[in-house]
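Presented below is the structure to which this report refers.
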There are 2 protein chains.
Amino acid sequence: MPTKKKSFGAKPWVYPQPVFLVGTYDAEGKPNVMTAAWGGIVSSDPASLSVSVRPARWTYDAIMKRKAFTISIPDASKMKESDYVGMVSGRRFDKFSLSGFTPVKAEKVDAPYIDECPVVVECTLTQSIELGVHTMMIGAIEDVKVDEAILDATGNFADPEKFSPLAYASGSSTYHTLSEVLGKAFSVGKVFLRK
Amino acid sequence: MPTKKKSFGAKPWVYPQPVFLVGTYDAEGKPNVMTAAWGGIVSSDPASLSVSVRPARWTYDAIMKRKAFTISIPDASKMKESDYVGMVSGRRFDKFSLSGFTPVKAEKVDAPYIDECPVVVECTLTQSIELGVHTMMIGAIEDVKVDEAILDATGNFADPEKFSPLAYASGSSTYHTLSEVLGKAFSVGKVFLRK
């Protein structure tokens with residue numbers, strides 16, 4: 001007999017979800033940032049990601065006009081700031097200033113990233129696809145920048161425990177970070193290869 | 001002066017990523033499953049998700065033919081099984097049998113889910129979009145099913161700590177789970193509203 005499972009219907013529940021801070025310049029050149037959990041990597045080559053934005057958002061027009069955005073990945077210490085920038089609109093508020101986040105002009109694209117985030121991703125908009133209430137923005141990843149403070153001795157970025165990325169759980173609407181390493185991918189599963 | 005950051009180029013690095021176990025029936029009706037970390041929610045209404053699959057994968061043809069797939073979300077106790085089903089092809093191996101996972105015919109779509117996963121999502125393929133080496137499959141979420149054992153006393157699913165979803169970190173290629181709850185979304189950021 002299968003395990004008893006309860007149906008919840010068509011819910012946007014997958015686990016875990018990221019906390020993407022989407023950075024843009026608006027029409028007047030003011031830096032803005034919004035929080036998004038609907039997104040992820042969509043291709044390895046060209047390295048690309050998606051983030052979904054409602055057309056009513058201030059960020060939507062900004063991405064469409066400049067064909068550029070950044071994704072700053074906050075660590076757990078920036079949970080409150082990250083939550084705040086998802087609560088109010090850049091139409092009315094200077095969210096960088098109010099949150100204390102510092103905008104830095106990206107190197108490869110026409111958008112700002114958040115200095116206080118340990119990992120930032122610079123993206124060029126390649127497609128936008130309407131999917132009901134959200135529009136999915138596909139971004140070609142032009143560069144990933146990582147704080148030197150979280151690199152290892154050889155200059156590599158290999159230890160997410162040095163970083164504590166913020167994670168989101170829909171359903172419960174809660175923030176988390178990642179546990180210590182449980183195992184290595186393409187490795188721990190080898191035990192089944194022997195069968 | 002901005003924080004010193006090192007450029008790593010166009011890498012598929014965002015944090016965290018999910019561990020999606022993509023369930024399908026192949027042309028002969030055999031259940032198959034593969035691991036995917038490239039994906040996430042893409043719209044709230046209709047609730048939809050994306051998962052990216054290379055055309056060479058056995059799963060690719062199966063999704064295209066039946067226009068259906070499931071996403072089973074493993075918990076940390078199924079790390080080895082989840083890693084294994086990403087290592088070999090359903091063309092040659094019966095991965096359900098070899099991993100010990102049990103296929104259950106989904107209720108709403110023509111695909112199997114994994115009984116041992118606490119959360120499963122049943123999807124109908126609505127679009128497939130070629131994005132370089134990967135094709136992004138967009139799935140309309142028809143149902144989310146959750147093990148009754150991880151529901152709370154009122155029948156709700158509100159505590160991801162009861163569940164320990166597996167998470168992935170690219171770059172380090174490591175598996176993790178989520179920490180305890182750090183805070184509540186749309187709430188902890190209110191401290192900045194007072195300014």
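Convention: chains lettered A, B, ... in structure tokens order; per-chain residue numbering from 1; ligands numbered from 1 as shown.
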Contacts of stretch 40-53 of chain A within 8 Å, only C-alpha atoms, excl. fewer than 6 positions in-chain, as a PyMOL selection string | (chain A and resi 18+59-60+134-141) or (chain B and resi 10-14+17+37-40+42-43+50-52+131-136)
Saved selection, atoms kept: N, CA and C atoms, as a short mmCIF file (atom, residue, chain, number, x, y, z; two decimals), in the first residue's frame:
```cif
data_model
loop_
_atom_site.label_atom_id
_atom_site.label_comp_id
_atom_site.auth_asym_id
_atom_site.auth_seq_id
_atom_site.Cartn_x
_atom_site.Cartn_y
_atom_site.Cartn_z
N PRO A 18 14.94 29.54 -3.50
CA PRO A 18 15.96 30.54 -3.22
C PRO A 18 15.34 31.85 -2.73
N THR A 59 9.94 46.58 -10.79
CA THR A 59 11.08 45.84 -11.36
C THR A 59 10.80 45.37 -12.79
N TYR A 60 9.54 45.08 -13.08
CA TYR A 60 9.17 44.54 -14.40
C TYR A 60 9.56 45.51 -15.51
N HIS A 134 2.50 35.70 -13.46
CA HIS A 134 3.91 36.06 -13.50
C HIS A 134 4.46 36.03 -14.92
N THR A 135 5.45 36.85 -15.15
CA THR A 135 6.24 36.75 -16.37
C THR A 135 7.61 36.22 -15.99
N MET A 136 8.01 35.16 -16.66
CA MET A 136 9.31 34.57 -16.38
C MET A 136 10.38 35.28 -17.20
N MET A 137 11.34 35.84 -16.52
CA MET A 137 12.47 36.48 -17.17
C MET A 137 13.60 35.47 -17.25
N ILE A 138 14.09 35.24 -18.46
CA ILE A 138 15.25 34.36 -18.62
C ILE A 138 16.48 35.25 -18.75
N GLY A 139 17.45 35.02 -17.93
CA GLY A 139 18.67 35.82 -17.95
C GLY A 139 19.88 34.98 -18.31
N ALA A 140 20.63 35.43 -19.31
CA ALA A 140 21.93 34.80 -19.56
C ALA A 140 22.88 35.31 -18.48
N ILE A 141 23.54 34.38 -17.81
CA ILE A 141 24.47 34.76 -16.74
C ILE A 141 25.77 35.25 -17.36
N ALA B 10 30.65 32.96 -16.32
CA ALA B 10 29.26 32.52 -16.51
C ALA B 10 29.03 31.14 -15.91
N LYS B 11 28.81 31.07 -14.62
CA LYS B 11 28.61 29.80 -13.92
C LYS B 11 27.15 29.64 -13.51
N PRO B 12 26.64 28.41 -13.50
CA PRO B 12 25.25 28.20 -13.05
C PRO B 12 25.16 28.10 -11.52
N TRP B 13 25.53 29.20 -10.86
CA TRP B 13 25.60 29.20 -9.40
C TRP B 13 24.56 30.12 -8.80
N VAL B 14 23.53 29.52 -8.23
CA VAL B 14 22.65 30.26 -7.34
C VAL B 14 22.44 29.35 -6.13
N GLN B 17 19.71 25.37 -4.37
CA GLN B 17 18.97 24.75 -5.46
C GLN B 17 18.22 23.53 -4.92
N ALA B 37 18.56 19.60 -10.70
CA ALA B 37 18.64 20.75 -9.79
C ALA B 37 18.31 22.06 -10.51
N TRP B 38 18.18 21.99 -11.82
CA TRP B 38 17.86 23.20 -12.59
C TRP B 38 16.35 23.33 -12.67
N GLY B 39 15.77 24.10 -11.77
CA GLY B 39 14.32 24.27 -11.80
C GLY B 39 13.83 25.06 -10.61
N GLY B 40 12.52 25.28 -10.60
CA GLY B 40 11.88 26.02 -9.51
C GLY B 40 10.49 26.45 -9.92
N VAL B 42 7.72 28.89 -11.27
CA VAL B 42 7.78 29.98 -12.26
C VAL B 42 6.54 30.86 -12.27
N SER B 43 5.43 30.39 -11.71
CA SER B 43 4.25 31.25 -11.62
C SER B 43 3.34 30.75 -10.51
N SER B 50 9.29 24.93 -13.40
CA SER B 50 10.14 24.53 -14.51
C SER B 50 11.15 23.50 -14.03
N VAL B 51 11.51 22.62 -14.94
CA VAL B 51 12.65 21.72 -14.71
C VAL B 51 13.33 21.56 -16.06
N SER B 52 14.65 21.66 -16.07
CA SER B 52 15.40 21.61 -17.32
C SER B 52 16.04 20.24 -17.50
N LEU B 131 16.90 26.00 -24.48
CA LEU B 131 17.79 27.03 -23.93
C LEU B 131 19.21 26.51 -23.93
N GLY B 132 19.79 26.37 -25.11
CA GLY B 132 21.14 25.83 -25.17
C GLY B 132 21.12 24.33 -24.90
N VAL B 133 22.02 23.87 -24.05
CA VAL B 133 22.14 22.42 -23.84
C VAL B 133 20.94 21.82 -23.11
N HIS B 134 20.19 22.65 -22.42
CA HIS B 134 19.01 22.15 -21.72
C HIS B 134 17.72 22.62 -22.39
N THR B 135 16.69 21.82 -22.26
CA THR B 135 15.35 22.25 -22.62
C THR B 135 14.56 22.42 -21.33
N MET B 136 13.96 23.59 -21.19
CA MET B 136 13.18 23.88 -19.99
C MET B 136 11.76 23.38 -20.19
#
```
Can you list, as a PyMOL selection string, every residue of stretch 56-188 of chain A that DSSP puts in strand (DSSP E or B)?
-> chain A and resi 68-73+75+103-105+112-114+119-131+134-147+165+167-169+174-176+178+183-184
Looking only at the backbone, which of the residues in chain B does DSSP tag as alpha helix (DSSP H), as an MDAnalysis selection string?
-> chainID B and resid 58:66 79:84 95:99
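Using only C-alpha atoms, the smallest distance between any of B:Phe157, B:Phe93, B:Tyr25, B:Phe101 and chain A comes from B:Phe157.
Among the candidates A:Thr3, A:Ser72, A:Ser187, A:Ser99, the one nearest to A:Val19 when counting only C-alpha atoms is A:Ser72.
Among the candidate residues A:Thr126, A:Thr177, A:Thr35, A:Ser97, the one lying nearest to chain B is A:Thr177, with distances computed using only C-alpha atoms.
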Excluding A:Ile150 and residues on its chain fewer than 3 positions from it, collect all residues at most 10 Å away from it, counting only C-alpha atoms, and give them as number ranges by chain.
-> A: 118-119, 146-147, 153, 155-163; B: 5
Could you save the residues just selected, with N, CA, C and O atoms, as a short mmCIF file (atom, residue, chain, number, x, y, z; two decimals), in the first residue's frame?
```cif
data_model
loop_
_atom_site.label_atom_id
_atom_site.label_comp_id
_atom_site.auth_asym_id
_atom_site.auth_seq_id
_atom_site.Cartn_x
_atom_site.Cartn_y
_atom_site.Cartn_z
N PRO A 118 27.04 38.09 -0.49
CA PRO A 118 28.30 37.41 -0.76
C PRO A 118 28.42 36.85 -2.18
O PRO A 118 29.53 36.65 -2.65
N VAL A 119 27.29 36.58 -2.81
CA VAL A 119 27.30 36.06 -4.18
C VAL A 119 26.33 36.90 -5.02
O VAL A 119 25.19 37.11 -4.60
N VAL A 146 31.89 36.62 -6.27
CA VAL A 146 31.84 36.07 -4.92
C VAL A 146 32.79 36.86 -4.03
O VAL A 146 33.93 37.16 -4.43
N ASP A 147 32.31 37.21 -2.83
CA ASP A 147 33.16 37.93 -1.87
C ASP A 147 34.47 37.19 -1.65
O ASP A 147 34.47 35.98 -1.36
N ALA A 153 41.63 28.97 0.41
CA ALA A 153 43.03 29.40 0.30
C ALA A 153 43.52 29.43 -1.15
O ALA A 153 44.42 30.18 -1.49
N GLY A 155 41.62 30.35 -3.65
CA GLY A 155 40.84 31.31 -4.43
C GLY A 155 39.58 30.72 -5.02
O GLY A 155 38.90 31.35 -5.82
N ASN A 156 39.24 29.50 -4.63
CA ASN A 156 38.01 28.88 -5.11
C ASN A 156 36.86 29.11 -4.14
O ASN A 156 37.06 29.40 -2.96
N PHE A 157 35.67 28.93 -4.68
CA PHE A 157 34.47 29.06 -3.88
C PHE A 157 33.88 27.68 -3.75
O PHE A 157 33.25 27.16 -4.67
N ALA A 158 34.14 27.05 -2.64
CA ALA A 158 33.82 25.62 -2.55
C ALA A 158 33.10 25.24 -1.27
O ALA A 158 32.85 24.08 -1.04
N ASP A 159 32.76 26.21 -0.46
CA ASP A 159 32.21 25.83 0.83
C ASP A 159 31.01 26.70 1.19
O ASP A 159 31.16 27.79 1.74
N PRO A 160 29.78 26.19 0.87
CA PRO A 160 28.61 27.01 1.18
C PRO A 160 28.43 27.23 2.68
O PRO A 160 27.65 28.08 3.08
N GLU A 161 29.15 26.47 3.50
CA GLU A 161 29.06 26.70 4.95
C GLU A 161 29.72 28.01 5.37
O GLU A 161 29.45 28.55 6.44
N LYS A 162 30.61 28.52 4.54
CA LYS A 162 31.21 29.82 4.82
C LYS A 162 30.26 30.96 4.51
O LYS A 162 30.60 32.12 4.70
N PHE A 163 29.11 30.62 3.99
CA PHE A 163 28.28 31.62 3.32
C PHE A 163 26.85 31.66 3.88
O PHE A 163 26.27 32.74 4.01
N LYS B 5 35.18 41.47 -4.60
CA LYS B 5 34.55 40.25 -5.09
C LYS B 5 35.37 39.71 -6.26
O LYS B 5 35.90 40.46 -7.06
#
```
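Using only C-alpha atoms, the nearest neighbour of B:Asp143 within the list B:Leu193, B:Met79, B:Ala185, B:Ile71 is B:Ile71.
Among the candidates B:Ala56, B:Lys67, B:Met87, B:Pro2, the one nearest to B:Val33 when counting only C-alpha atoms is B:Met87.
When only C-alpha atoms are used to compute distances to chain B, the closest of the residues A:Asp83, A:Asp94, A:Glu130, A:Glu122 turns out to be A:Asp83.
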Residue neighbourhood A:Arg66, 9 Å, only C-alpha atoms, exclusion window fewer than 6 positions, as a PDB file with N, CA and C atoms, in the first residue's frame:
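See out.pdb below for the written result:
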```
ATOM      1  N   THR A  24      17.789  46.279 -10.225  1.00  0.00           N
ATOM      2  CA  THR A  24      17.577  46.969 -11.507  1.00  0.00           C
ATOM      3  C   THR A  24      17.766  48.477 -11.316  1.00  0.00           C
ATOM      4  N   TYR A  25      17.980  49.165 -12.438  1.00  0.00           N
ATOM      5  CA  TYR A  25      17.834  50.628 -12.469  1.00  0.00           C
ATOM      6  C   TYR A  25      16.496  50.949 -13.082  1.00  0.00           C
ATOM      7  N   ASP A  26      15.728  51.850 -12.465  1.00  0.00           N
ATOM      8  CA  ASP A  26      14.445  52.221 -13.060  1.00  0.00           C
ATOM      9  C   ASP A  26      14.661  53.267 -14.157  1.00  0.00           C
ATOM     10  N   ALA A  27      13.554  53.757 -14.724  1.00  0.00           N
ATOM     11  CA  ALA A  27      13.635  54.655 -15.880  1.00  0.00           C
ATOM     12  C   ALA A  27      14.461  55.902 -15.573  1.00  0.00           C
ATOM     13  N   VAL A 109      26.596  44.284 -16.905  1.00  0.00           N
ATOM     14  CA  VAL A 109      25.222  44.614 -17.314  1.00  0.00           C
ATOM     15  C   VAL A 109      24.783  45.920 -16.668  1.00  0.00           C
ATOM     16  N   ASP A 110      23.711  46.486 -17.220  1.00  0.00           N
ATOM     17  CA  ASP A 110      23.226  47.794 -16.794  1.00  0.00           C
ATOM     18  C   ASP A 110      22.228  47.657 -15.635  1.00  0.00           C
ATOM     19  N   ALA A 111      22.761  47.250 -14.502  1.00  0.00           N
ATOM     20  CA  ALA A 111      21.923  47.027 -13.315  1.00  0.00           C
ATOM     21  C   ALA A 111      22.824  47.065 -12.087  1.00  0.00           C
ATOM     22  N   THR A 124      21.857  39.291 -18.468  1.00  0.00           N
ATOM     23  CA  THR A 124      21.234  39.972 -19.593  1.00  0.00           C
ATOM     24  C   THR A 124      19.920  39.269 -19.910  1.00  0.00           C
ATOM     25  N   LEU A 125      18.846  40.034 -20.031  1.00  0.00           N
ATOM     26  CA  LEU A 125      17.550  39.443 -20.379  1.00  0.00           C
ATOM     27  C   LEU A 125      17.600  38.879 -21.789  1.00  0.00           C
TER      28      LEU A 125
END
```
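Across the model, the gap from atom CA of B:Lys108 to atom CA of B:Met64 is 17.1 Å.
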Which residues, written as a PyMOL selection string, have at least one atom at most 7 Å from A:Tyr84, with only C-alpha atoms counted and residues fewer than 6 positions away on the same chain left out?
-> chain B and resi 189-190+192
